[in-house]
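**Student:** Take a look at this one; I'll ask things after.
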Amino acid sequence: MARFRMLDPATLCVTDQLVMDAVTDRTRAVMPVLFGGRAIDFSRVRKELASRDIAIVEDAAHAFGSRNGARRVGATGDLTCFSFGPIKNLTCGQGGIVIPRTRAEAATIRRIRMLGIVQSQAERSRTTSYQVEGFGLRYQMSGINAAIGLAQLEHFEKAETTRRILWRSYRRVLTGLDGVRLVDVDPDRSVPHLCQVLIPHRVEVHAQMKARGIGVGVHYPPNHLQPAFAPWRRDLPATEQACREVLTLPFHQHLTENDIDQVVTALGQALKTVGAASCARS
């Protein structure tokens, strides 16, 4: 079975070179995940991918507002997909958006999101029938959700600035903890969505933090180890190692500096407690 290093351990994202190492003659698309909000630069390999008829589909669920060079994410890639769920950088309550590059792609996306129906709702209201031309899903966003998103958008500049300040505060305070590696989201260009650390004894530390009332989490169990993907499983040791170590710290734009100090203090105490217990067992 082939062994691939499909992420950079410092960022938990793919790089252009890692992607090029993995593509084959059968590859039709690559889907970089802009994990934690970090934009991924594919400019060096874009021409080669295009010459091989390989599309770049950006999973930018975490990265609304981030930049790739001078351009916002969404003006990059061949297709960009955003999520506007409850905890995203910009929220609609629930929903998302796909940024196409051509009129034909836009028409296809509209048709798929509305059960394969060709005519718009306005067009259907003026006639007695409509056409279904192919596969479709019920993915249209409600007007209420769209209104929430538009209201959020008016205040996004403040949210963007606050997220950067808070992420840098975590970085500053975490430097005092031994054995803790902060996952780099490149806050100068990105709008941070997650604040994550790589730590020893993650399972035990997670339990200690929860016991202290700190809302930590784990993002995410690797897809290739899930039963749904068993037919395509391959050996991804870097991904599996990161999964054993990663811990997501509380992070949202309503945190305070005092909240961050409390989280990091609790993390330091948990690491000491678990480390001492581990030494005692050995």
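Convention: chains lettered A, B, ... in structure tokens order; per-chain residue numbering from 1; ligands numbered from 1 as shown.
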Per residue of segment 211-267 of chain A within 10 Å of segment 86-107 of chain A, what are the shortest atom pair and its distance in Å to one decimal, counting only C-alpha atoms, with rows by chain and residue number, as a Markdown table?

**Tutor:**
| residue | atom | partner | partner_atom | distance |
| --- | --- | --- | --- | --- |
| A:Phe251 | CA | A:Ile87 | CA | 9.6 |
| A:His252 | CA | A:Ile87 | CA | 7.8 |
| A:Gln253 | CA | A:Asn89 | CA | 8.8 |

**Student:** Go ahead and write the selection's residues with C-alpha atoms as a short mmCIF file (atom, residue, chain, number, x, y, z; two decimals), in the first residue's frame.

**Tutor:**
data_model
loop_
_atom_site.label_atom_id
_atom_site.label_comp_id
_atom_site.auth_asym_id
_atom_site.auth_seq_id
_atom_site.Cartn_x
_atom_site.Cartn_y
_atom_site.Cartn_z
CA PHE A 251 -11.89 30.04 19.97
CA HIS A 252 -14.51 32.55 18.90
CA GLN A 253 -14.70 36.32 18.61
#

**Student:** Select from segment 192-269 of chain A everything DSSP, run on the backbone, classes as alpha helix (DSSP H), then give the selection as a PyMOL selection string.

**Tutor:** chain A and resi 202-211+237-245+257-269

**Student:** Hey, can you check how far atom CA of Pro187 of chain A sits from atom CA of Ala61 of chain A?

**Tutor:**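 If I compute the distance from atom CA of Pro187 of chain A to atom CA of Ala61 of chain A, I get 16.5 Å.
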
**Student:** State, in Å with one decimal place, the distance from atom CA of Val73 of chain A to atom CA of Val173 of chain A.

**Tutor:**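 Going from atom CA of Val73 of chain A over to atom CA of Val173 of chain A covers 29.1 Å.
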
**Student:** Tell me, counting only C-alpha atoms, for each residue of segment 150-186 of chain A within 7 Å of segment 198-220 of chain A, which pair of atoms is nearest and how far apart they are in Å to one decimal, in rows ordered by chain and increasing number, as JSON lines.

**Tutor:**
{"residue": "A:Gly179", "atom": "CA", "partner": "A:Ile199", "partner_atom": "CA", "distance": 6.4}
{"residue": "A:Val180", "atom": "CA", "partner": "A:Ile199", "partner_atom": "CA", "distance": 5.2}
{"residue": "A:Arg181", "atom": "CA", "partner": "A:Leu198", "partner_atom": "CA", "distance": 5.1}
{"residue": "A:Leu182", "atom": "CA", "partner": "A:Leu198", "partner_atom": "CA", "distance": 6.4}

**Student:** What is the distance between atom CA of Ala60 of chain A and atom CA of His193 of chain A, in Å to one decimal?

**Tutor:**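 Here the two named atoms are 10.8 Å from each other.
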
**Student:** Find the residues near Arg72 of chain A: any atom within 12 Å, counting only C-alpha atoms, skip ones fewer than 2 places away on the same chain, and give them as a PDB file with N, CA, C and O atoms, in the first residue's frame.

**Tutor:**
ATOM      1  N   GLY A  37      -8.630  28.076   8.521  1.00  0.00           N
ATOM      2  CA  GLY A  37      -8.699  29.395   7.902  1.00  0.00           C
ATOM      3  C   GLY A  37      -7.495  29.726   7.054  1.00  0.00           C
ATOM      4  O   GLY A  37      -7.450  30.776   6.410  1.00  0.00           O
ATOM      5  N   ARG A  38      -6.493  28.838   7.020  1.00  0.00           N
ATOM      6  CA  ARG A  38      -5.244  29.130   6.315  1.00  0.00           C
ATOM      7  C   ARG A  38      -5.402  28.935   4.812  1.00  0.00           C
ATOM      8  O   ARG A  38      -5.771  27.860   4.343  1.00  0.00           O
ATOM      9  N   ALA A  39      -5.122  29.981   4.042  1.00  0.00           N
ATOM     10  CA  ALA A  39      -5.155  29.881   2.584  1.00  0.00           C
ATOM     11  C   ALA A  39      -3.967  29.047   2.096  1.00  0.00           C
ATOM     12  O   ALA A  39      -2.906  29.032   2.724  1.00  0.00           O
ATOM     13  N   ILE A  40      -4.158  28.352   0.967  1.00  0.00           N
ATOM     14  CA  ILE A  40      -3.123  27.497   0.397  1.00  0.00           C
ATOM     15  C   ILE A  40      -2.789  28.016  -0.997  1.00  0.00           C
ATOM     16  O   ILE A  40      -3.678  28.219  -1.820  1.00  0.00           O
ATOM     17  N   ASP A  41      -1.508  28.222  -1.241  1.00  0.00           N
ATOM     18  CA  ASP A  41      -1.053  28.814  -2.494  1.00  0.00           C
ATOM     19  C   ASP A  41      -0.730  27.725  -3.512  1.00  0.00           C
ATOM     20  O   ASP A  41       0.225  26.964  -3.337  1.00  0.00           O
ATOM     21  N   ALA A  60     -13.224  25.766   1.445  1.00  0.00           N
ATOM     22  CA  ALA A  60     -12.912  26.970   2.225  1.00  0.00           C
ATOM     23  C   ALA A  60     -13.914  27.173   3.351  1.00  0.00           C
ATOM     24  O   ALA A  60     -14.206  28.310   3.731  1.00  0.00           O
ATOM     25  N   ALA A  63     -12.444  29.374   5.889  1.00  0.00           N
ATOM     26  CA  ALA A  63     -11.536  30.423   5.428  1.00  0.00           C
ATOM     27  C   ALA A  63     -12.225  31.661   4.861  1.00  0.00           C
ATOM     28  O   ALA A  63     -11.590  32.403   4.106  1.00  0.00           O
ATOM     29  N   PHE A  64     -13.459  31.910   5.214  1.00  0.00           N
ATOM     30  CA  PHE A  64     -14.075  33.130   4.705  1.00  0.00           C
ATOM     31  C   PHE A  64     -13.294  34.340   5.216  1.00  0.00           C
ATOM     32  O   PHE A  64     -13.036  34.485   6.403  1.00  0.00           O
ATOM     33  N   GLY A  65     -12.912  35.218   4.292  1.00  0.00           N
ATOM     34  CA  GLY A  65     -12.173  36.432   4.648  1.00  0.00           C
ATOM     35  C   GLY A  65     -10.674  36.303   4.543  1.00  0.00           C
ATOM     36  O   GLY A  65      -9.966  37.317   4.519  1.00  0.00           O
ATOM     37  N   SER A  66     -10.143  35.083   4.477  1.00  0.00           N
ATOM     38  CA  SER A  66      -8.691  34.896   4.375  1.00  0.00           C
ATOM     39  C   SER A  66      -8.197  35.319   3.001  1.00  0.00           C
ATOM     40  O   SER A  66      -8.971  35.428   2.045  1.00  0.00           O
ATOM     41  N   ARG A  67      -6.898  35.533   2.905  1.00  0.00           N
ATOM     42  CA  ARG A  67      -6.296  35.984   1.650  1.00  0.00           C
ATOM     43  C   ARG A  67      -5.227  35.013   1.172  1.00  0.00           C
ATOM     44  O   ARG A  67      -4.510  34.408   1.969  1.00  0.00           O
ATOM     45  N   ASN A  68      -5.137  34.908  -0.139  1.00  0.00           N
ATOM     46  CA  ASN A  68      -4.055  34.190  -0.789  1.00  0.00           C
ATOM     47  C   ASN A  68      -3.293  35.236  -1.594  1.00  0.00           C
ATOM     48  O   ASN A  68      -3.709  35.610  -2.687  1.00  0.00           O
ATOM     49  N   GLY A  69      -2.205  35.747  -1.021  1.00  0.00           N
ATOM     50  CA  GLY A  69      -1.557  36.903  -1.618  1.00  0.00           C
ATOM     51  C   GLY A  69      -2.438  38.119  -1.439  1.00  0.00           C
ATOM     52  O   GLY A  69      -2.940  38.409  -0.350  1.00  0.00           O
ATOM     53  N   ALA A  70      -2.675  38.841  -2.516  1.00  0.00           N
ATOM     54  CA  ALA A  70      -3.510  40.046  -2.449  1.00  0.00           C
ATOM     55  C   ALA A  70      -4.988  39.739  -2.628  1.00  0.00           C
ATOM     56  O   ALA A  70      -5.828  40.626  -2.467  1.00  0.00           O
ATOM     57  N   GLY A  74     -11.774  32.662  -2.565  1.00  0.00           N
ATOM     58  CA  GLY A  74     -13.019  32.770  -3.318  1.00  0.00           C
ATOM     59  C   GLY A  74     -12.745  33.324  -4.700  1.00  0.00           C
ATOM     60  O   GLY A  74     -13.485  33.065  -5.641  1.00  0.00           O
ATOM     61  N   ALA A  75     -11.653  34.088  -4.808  1.00  0.00           N
ATOM     62  CA  ALA A  75     -11.183  34.558  -6.113  1.00  0.00           C
ATOM     63  C   ALA A  75     -10.010  33.706  -6.577  1.00  0.00           C
ATOM     64  O   ALA A  75      -9.269  34.092  -7.463  1.00  0.00           O
ATOM     65  N   THR A  76      -9.848  32.552  -5.943  1.00  0.00           N
ATOM     66  CA  THR A  76      -8.762  31.628  -6.262  1.00  0.00           C
ATOM     67  C   THR A  76      -9.367  30.262  -6.545  1.00  0.00           C
ATOM     68  O   THR A  76     -10.542  30.018  -6.282  1.00  0.00           O
ATOM     69  N   GLY A  77      -8.573  29.341  -7.094  1.00  0.00           N
ATOM     70  CA  GLY A  77      -9.088  28.007  -7.374  1.00  0.00           C
ATOM     71  C   GLY A  77      -9.999  28.010  -8.587  1.00  0.00           C
ATOM     72  O   GLY A  77     -10.253  29.036  -9.215  1.00  0.00           O
ATOM     73  N   THR A  80     -14.777  27.352  -5.444  1.00  0.00           N
ATOM     74  CA  THR A  80     -14.545  27.559  -4.015  1.00  0.00           C
ATOM     75  C   THR A  80     -15.847  27.355  -3.264  1.00  0.00           C
ATOM     76  O   THR A  80     -16.885  27.887  -3.652  1.00  0.00           O
ATOM     77  N   ARG A 189      -2.381  36.753   7.030  1.00  0.00           N
ATOM     78  CA  ARG A 189      -3.163  36.662   5.799  1.00  0.00           C
ATOM     79  C   ARG A 189      -4.500  35.948   5.994  1.00  0.00           C
ATOM     80  O   ARG A 189      -5.411  36.114   5.191  1.00  0.00           O
ATOM     81  N   SER A 190      -4.597  35.147   7.034  1.00  0.00           N
ATOM     82  CA  SER A 190      -5.815  34.376   7.251  1.00  0.00           C
ATOM     83  C   SER A 190      -6.701  35.024   8.307  1.00  0.00           C
ATOM     84  O   SER A 190      -6.223  35.758   9.169  1.00  0.00           O
ATOM     85  N   VAL A 191      -7.976  34.695   8.237  1.00  0.00           N
ATOM     86  CA  VAL A 191      -8.893  34.992   9.330  1.00  0.00           C
ATOM     87  C   VAL A 191      -9.021  33.696  10.123  1.00  0.00           C
ATOM     88  O   VAL A 191      -9.666  32.749   9.665  1.00  0.00           O
TER      89      VAL A 191
END

**Student:** Excluding Leu194 of chain A and its own-chain neighbours fewer than 2 positions away, which residues fall within 7 Å of it when counting only C-alpha atoms? Please give them as a PDB file with N, CA and C atoms, in the first residue's frame.

**Tutor:**
ATOM      1  N   GLY A  36      -8.514  25.510   9.346  1.00  0.00           N
ATOM      2  CA  GLY A  36      -8.297  26.524  10.362  1.00  0.00           C
ATOM      3  C   GLY A  36      -8.371  27.935   9.844  1.00  0.00           C
ATOM      4  N   PRO A 192      -8.381  33.602  11.292  1.00  0.00           N
ATOM      5  CA  PRO A 192      -8.346  32.315  12.003  1.00  0.00           C
ATOM      6  C   PRO A 192      -9.749  31.803  12.340  1.00  0.00           C
ATOM      7  N   GLN A 196      -5.486  25.575  17.514  1.00  0.00           N
ATOM      8  CA  GLN A 196      -5.210  24.179  17.839  1.00  0.00           C
ATOM      9  C   GLN A 196      -3.769  24.002  18.285  1.00  0.00           C
ATOM     10  N   THR A 248      -8.232  21.095  19.969  1.00  0.00           N
ATOM     11  CA  THR A 248      -8.775  22.400  19.604  1.00  0.00           C
ATOM     12  C   THR A 248      -9.172  23.151  20.868  1.00  0.00           C
ATOM     13  N   PHE A 251     -12.278  28.902  20.809  1.00  0.00           N
ATOM     14  CA  PHE A 251     -11.889  30.035  19.973  1.00  0.00           C
ATOM     15  C   PHE A 251     -13.113  30.594  19.254  1.00  0.00           C
TER      16      PHE A 251
END

**Student:** What parts of segment 74-273 of chain A does DSSP call strand (DSSP E)? I'd like the answer as a list in words.

**Tutor:**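 Taking segment 74-273 of chain A and keeping strand (DSSP E) gives Leu79, Thr80, Cys81, Phe82, Ser83, Gly96, Ile97, Val98, Ile99, Arg181, Leu182, Cys195, Gln196, Val197, Leu198, Val246, Leu247, Thr248 and Leu249 of chain A.
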
**Student:** Include all heavy atoms and write out the residues we just selected as a compact mmCIF listing (two decimals), in the first residue's frame.

**Tutor:**
# COMPACT_ATOMS: atom_id res chain seq x y z
N LEU A 79 -13.04 26.34 -8.28
CA LEU A 79 -14.35 26.34 -7.62
C LEU A 79 -14.06 26.48 -6.14
O LEU A 79 -13.16 25.81 -5.61
CB LEU A 79 -15.08 25.03 -7.91
CG LEU A 79 -16.60 25.03 -7.87
CD1 LEU A 79 -17.16 25.86 -9.01
CD2 LEU A 79 -17.12 23.60 -7.95
N THR A 80 -14.78 27.35 -5.44
CA THR A 80 -14.54 27.56 -4.01
C THR A 80 -15.85 27.36 -3.26
O THR A 80 -16.88 27.89 -3.65
CB THR A 80 -14.01 28.98 -3.74
OG1 THR A 80 -12.82 29.19 -4.51
CG2 THR A 80 -13.68 29.16 -2.27
N CYS A 81 -15.78 26.59 -2.17
CA CYS A 81 -16.97 26.26 -1.39
C CYS A 81 -16.81 26.80 0.04
O CYS A 81 -15.85 26.46 0.73
CB CYS A 81 -17.17 24.74 -1.34
SG CYS A 81 -17.18 23.94 -2.95
N PHE A 82 -17.75 27.63 0.46
CA PHE A 82 -17.77 28.18 1.81
C PHE A 82 -18.90 27.57 2.62
O PHE A 82 -19.94 27.20 2.07
CB PHE A 82 -17.98 29.70 1.78
CG PHE A 82 -16.83 30.50 1.24
CD1 PHE A 82 -16.94 31.11 0.00
CD2 PHE A 82 -15.67 30.65 1.96
CE1 PHE A 82 -15.88 31.86 -0.50
CE2 PHE A 82 -14.61 31.40 1.47
CZ PHE A 82 -14.72 32.00 0.23
N SER A 83 -18.69 27.50 3.92
CA SER A 83 -19.75 27.12 4.86
C SER A 83 -20.06 28.31 5.74
O SER A 83 -19.15 29.01 6.19
CB SER A 83 -19.31 25.94 5.72
OG SER A 83 -20.22 25.74 6.80
N GLY A 96 -24.42 27.74 3.08
CA GLY A 96 -23.11 27.92 2.47
C GLY A 96 -23.25 28.50 1.09
O GLY A 96 -24.35 28.88 0.66
N ILE A 97 -22.13 28.58 0.38
CA ILE A 97 -22.14 29.14 -0.96
C ILE A 97 -21.02 28.51 -1.77
O ILE A 97 -19.98 28.14 -1.23
CB ILE A 97 -21.99 30.68 -0.91
CG1 ILE A 97 -22.31 31.33 -2.25
CG2 ILE A 97 -20.60 31.08 -0.44
CD1 ILE A 97 -22.40 32.84 -2.18
N VAL A 98 -21.28 28.36 -3.06
CA VAL A 98 -20.27 27.88 -4.00
C VAL A 98 -19.96 29.01 -4.96
O VAL A 98 -20.88 29.64 -5.51
CB VAL A 98 -20.76 26.64 -4.78
CG1 VAL A 98 -19.68 26.17 -5.77
CG2 VAL A 98 -21.13 25.51 -3.82
N ILE A 99 -18.66 29.30 -5.15
CA ILE A 99 -18.24 30.35 -6.08
C ILE A 99 -17.81 29.70 -7.38
O ILE A 99 -16.75 29.06 -7.45
CB ILE A 99 -17.07 31.17 -5.51
CG1 ILE A 99 -17.37 31.65 -4.08
CG2 ILE A 99 -16.74 32.34 -6.43
CD1 ILE A 99 -18.52 32.61 -3.99
N ARG A 181 2.85 22.49 20.72
CA ARG A 181 3.11 23.09 19.41
C ARG A 181 1.81 23.69 18.89
O ARG A 181 0.82 22.98 18.75
CB ARG A 181 3.65 22.05 18.43
CG ARG A 181 5.05 21.55 18.75
CD ARG A 181 5.46 20.45 17.79
NE ARG A 181 4.70 19.23 18.02
CZ ARG A 181 4.45 18.31 17.10
NH1 ARG A 181 4.85 18.49 15.85
NH2 ARG A 181 3.78 17.22 17.41
N LEU A 182 1.84 24.97 18.59
CA LEU A 182 0.66 25.65 18.06
C LEU A 182 0.58 25.43 16.55
O LEU A 182 1.58 25.61 15.84
CB LEU A 182 0.75 27.14 18.36
CG LEU A 182 -0.38 28.04 17.87
CD1 LEU A 182 -1.71 27.66 18.53
CD2 LEU A 182 -0.04 29.50 18.15
N CYS A 195 -8.10 27.52 16.80
CA CYS A 195 -6.82 27.60 17.50
C CYS A 195 -6.53 26.21 18.05
O CYS A 195 -7.27 25.71 18.91
CB CYS A 195 -6.86 28.63 18.63
SG CYS A 195 -5.25 28.83 19.44
N GLN A 196 -5.49 25.57 17.51
CA GLN A 196 -5.21 24.18 17.84
C GLN A 196 -3.77 24.00 18.28
O GLN A 196 -2.87 24.71 17.82
CB GLN A 196 -5.46 23.29 16.62
CG GLN A 196 -6.90 23.30 16.15
CD GLN A 196 -7.05 22.45 14.91
OE1 GLN A 196 -6.47 22.76 13.87
NE2 GLN A 196 -7.82 21.39 15.01
N VAL A 197 -3.58 23.04 19.16
CA VAL A 197 -2.23 22.68 19.60
C VAL A 197 -2.02 21.18 19.39
O VAL A 197 -2.98 20.40 19.36
CB VAL A 197 -2.01 23.04 21.09
CG1 VAL A 197 -1.96 24.54 21.27
CG2 VAL A 197 -3.10 22.41 21.98
N LEU A 198 -0.76 20.81 19.24
CA LEU A 198 -0.35 19.41 19.20
C LEU A 198 0.35 19.13 20.52
O LEU A 198 1.32 19.80 20.88
CB LEU A 198 0.57 19.15 18.02
CG LEU A 198 -0.03 19.44 16.64
CD1 LEU A 198 1.03 19.31 15.55
CD2 LEU A 198 -1.20 18.51 16.34
N VAL A 246 -3.70 16.29 18.23
CA VAL A 246 -4.33 17.61 18.06
C VAL A 246 -5.43 17.84 19.10
O VAL A 246 -6.19 16.94 19.45
CB VAL A 246 -4.89 17.75 16.63
CG1 VAL A 246 -6.10 16.85 16.41
CG2 VAL A 246 -5.24 19.21 16.33
N LEU A 247 -5.46 19.07 19.60
CA LEU A 247 -6.50 19.50 20.54
C LEU A 247 -6.93 20.90 20.14
O LEU A 247 -6.10 21.80 19.98
CB LEU A 247 -5.97 19.50 21.98
CG LEU A 247 -7.01 19.81 23.06
CD1 LEU A 247 -7.97 18.63 23.23
CD2 LEU A 247 -6.32 20.12 24.39
N THR A 248 -8.23 21.09 19.97
CA THR A 248 -8.78 22.40 19.60
C THR A 248 -9.17 23.15 20.87
O THR A 248 -9.97 22.66 21.67
CB THR A 248 -10.00 22.23 18.69
OG1 THR A 248 -9.62 21.48 17.53
CG2 THR A 248 -10.54 23.58 18.26
N LEU A 249 -8.62 24.34 21.03
CA LEU A 249 -8.92 25.17 22.19
C LEU A 249 -10.13 26.05 21.90
O LEU A 249 -10.45 26.33 20.74
CB LEU A 249 -7.71 26.05 22.51
CG LEU A 249 -6.39 25.31 22.77
CD1 LEU A 249 -5.27 26.30 23.04
CD2 LEU A 249 -6.53 24.32 23.92

**Student:** Would you please work out which residue, of A:Arg163, A:Phe84, A:Glu123, A:Gly275, is nearest to Gly149 of chain A when using only C-alpha atoms?

**Tutor:**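 Ranking A:Arg163, A:Phe84, A:Glu123, A:Gly275 by distance to Gly149 of chain A, first place goes to A:Phe84.
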
**Student:** Write out as a list in words the residues lying within 12 Å of Gln17 of chain A, counting only C-alpha atoms and excluding same-chain residues fewer than 3 positions away.

**Tutor:**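 Everything that qualifies: Phe4, Arg5, Met6, Leu7, Asp8, Cys13, Val14, Met20, Asp21, Ala22, Val23, Pro32, Ile40, Asp41, Phe42, Ser43, Arg44, Val45, Arg46, Glu48 and Leu49 of chain A.
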
**Student:** A:Asp78, A:Asp235, A:Gly143, A:Leu166: which is nearest His254 of chain A, counting only C-alpha atoms?

**Tutor:** A:Leu166

**Student:** Find the residues around segment 117-122 of chain A up to 9 Å (only C-alpha atoms counted), leave out those fewer than 6 positions away in its own chain, and share them as a PDB file with N, CA, C and O atoms, in the first residue's frame.

**Tutor:**
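File written: result.pdb
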ATOM      1  N   ALA A 107     -24.968  27.804 -13.711  1.00  0.00           N
ATOM      2  CA  ALA A 107     -26.243  27.192 -14.071  1.00  0.00           C
ATOM      3  C   ALA A 107     -26.333  25.769 -13.542  1.00  0.00           C
ATOM      4  O   ALA A 107     -27.383  25.330 -13.050  1.00  0.00           O
ATOM      5  N   THR A 108     -25.214  25.030 -13.620  1.00  0.00           N
ATOM      6  CA  THR A 108     -25.198  23.654 -13.114  1.00  0.00           C
ATOM      7  C   THR A 108     -25.413  23.624 -11.611  1.00  0.00           C
ATOM      8  O   THR A 108     -26.184  22.804 -11.087  1.00  0.00           O
ATOM      9  N   ARG A 110     -26.901  25.888  -9.728  1.00  0.00           N
ATOM     10  CA  ARG A 110     -28.296  26.257  -9.422  1.00  0.00           C
ATOM     11  C   ARG A 110     -29.233  25.075  -9.657  1.00  0.00           C
ATOM     12  O   ARG A 110     -30.169  24.842  -8.886  1.00  0.00           O
ATOM     13  N   ARG A 111     -28.989  24.335 -10.725  1.00  0.00           N
ATOM     14  CA  ARG A 111     -29.856  23.195 -11.034  1.00  0.00           C
ATOM     15  C   ARG A 111     -29.711  22.097  -9.981  1.00  0.00           C
ATOM     16  O   ARG A 111     -30.707  21.530  -9.513  1.00  0.00           O
ATOM     17  N   TYR A 130     -42.698  22.446 -15.089  1.00  0.00           N
ATOM     18  CA  TYR A 130     -41.256  22.711 -15.058  1.00  0.00           C
ATOM     19  C   TYR A 130     -40.536  21.446 -15.506  1.00  0.00           C
ATOM     20  O   TYR A 130     -41.124  20.368 -15.623  1.00  0.00           O
ATOM     21  N   GLN A 131     -39.213  21.578 -15.743  1.00  0.00           N
ATOM     22  CA  GLN A 131     -38.414  20.453 -16.215  1.00  0.00           C
ATOM     23  C   GLN A 131     -37.362  20.061 -15.187  1.00  0.00           C
ATOM     24  O   GLN A 131     -36.729  20.915 -14.573  1.00  0.00           O
ATOM     25  N   VAL A 132     -37.187  18.740 -15.046  1.00  0.00           N
ATOM     26  CA  VAL A 132     -36.103  18.187 -14.231  1.00  0.00           C
ATOM     27  C   VAL A 132     -35.131  17.519 -15.191  1.00  0.00           C
ATOM     28  O   VAL A 132     -35.471  16.538 -15.843  1.00  0.00           O
ATOM     29  N   GLU A 133     -33.916  18.058 -15.278  1.00  0.00           N
ATOM     30  CA  GLU A 133     -32.978  17.590 -16.295  1.00  0.00           C
ATOM     31  C   GLU A 133     -31.921  16.631 -15.778  1.00  0.00           C
ATOM     32  O   GLU A 133     -31.128  16.114 -16.561  1.00  0.00           O
ATOM     33  N   GLY A 134     -31.866  16.398 -14.478  1.00  0.00           N
ATOM     34  CA  GLY A 134     -30.846  15.483 -13.972  1.00  0.00           C
ATOM     35  C   GLY A 134     -30.833  15.451 -12.462  1.00  0.00           C
ATOM     36  O   GLY A 134     -31.767  15.909 -11.794  1.00  0.00           O
ATOM     37  N   PHE A 135     -29.762  14.908 -11.939  1.00  0.00           N
ATOM     38  CA  PHE A 135     -29.592  14.748 -10.489  1.00  0.00           C
ATOM     39  C   PHE A 135     -29.657  16.098  -9.784  1.00  0.00           C
ATOM     40  O   PHE A 135     -29.151  17.105 -10.278  1.00  0.00           O
ATOM     41  N   GLY A 136     -30.279  16.111  -8.615  1.00  0.00           N
ATOM     42  CA  GLY A 136     -30.340  17.340  -7.834  1.00  0.00           C
ATOM     43  C   GLY A 136     -30.570  17.065  -6.368  1.00  0.00           C
ATOM     44  O   GLY A 136     -30.935  15.957  -5.963  1.00  0.00           O
TER      45      GLY A 136
END

**Student:** Tell me which of A:Val57, A:Ala10, A:Leu137, A:Ala29 sits closest to Ile112 of chain A, counting only C-alpha atoms.

**Tutor:**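 Closest to Ile112 of chain A of all the choices is A:Leu137.
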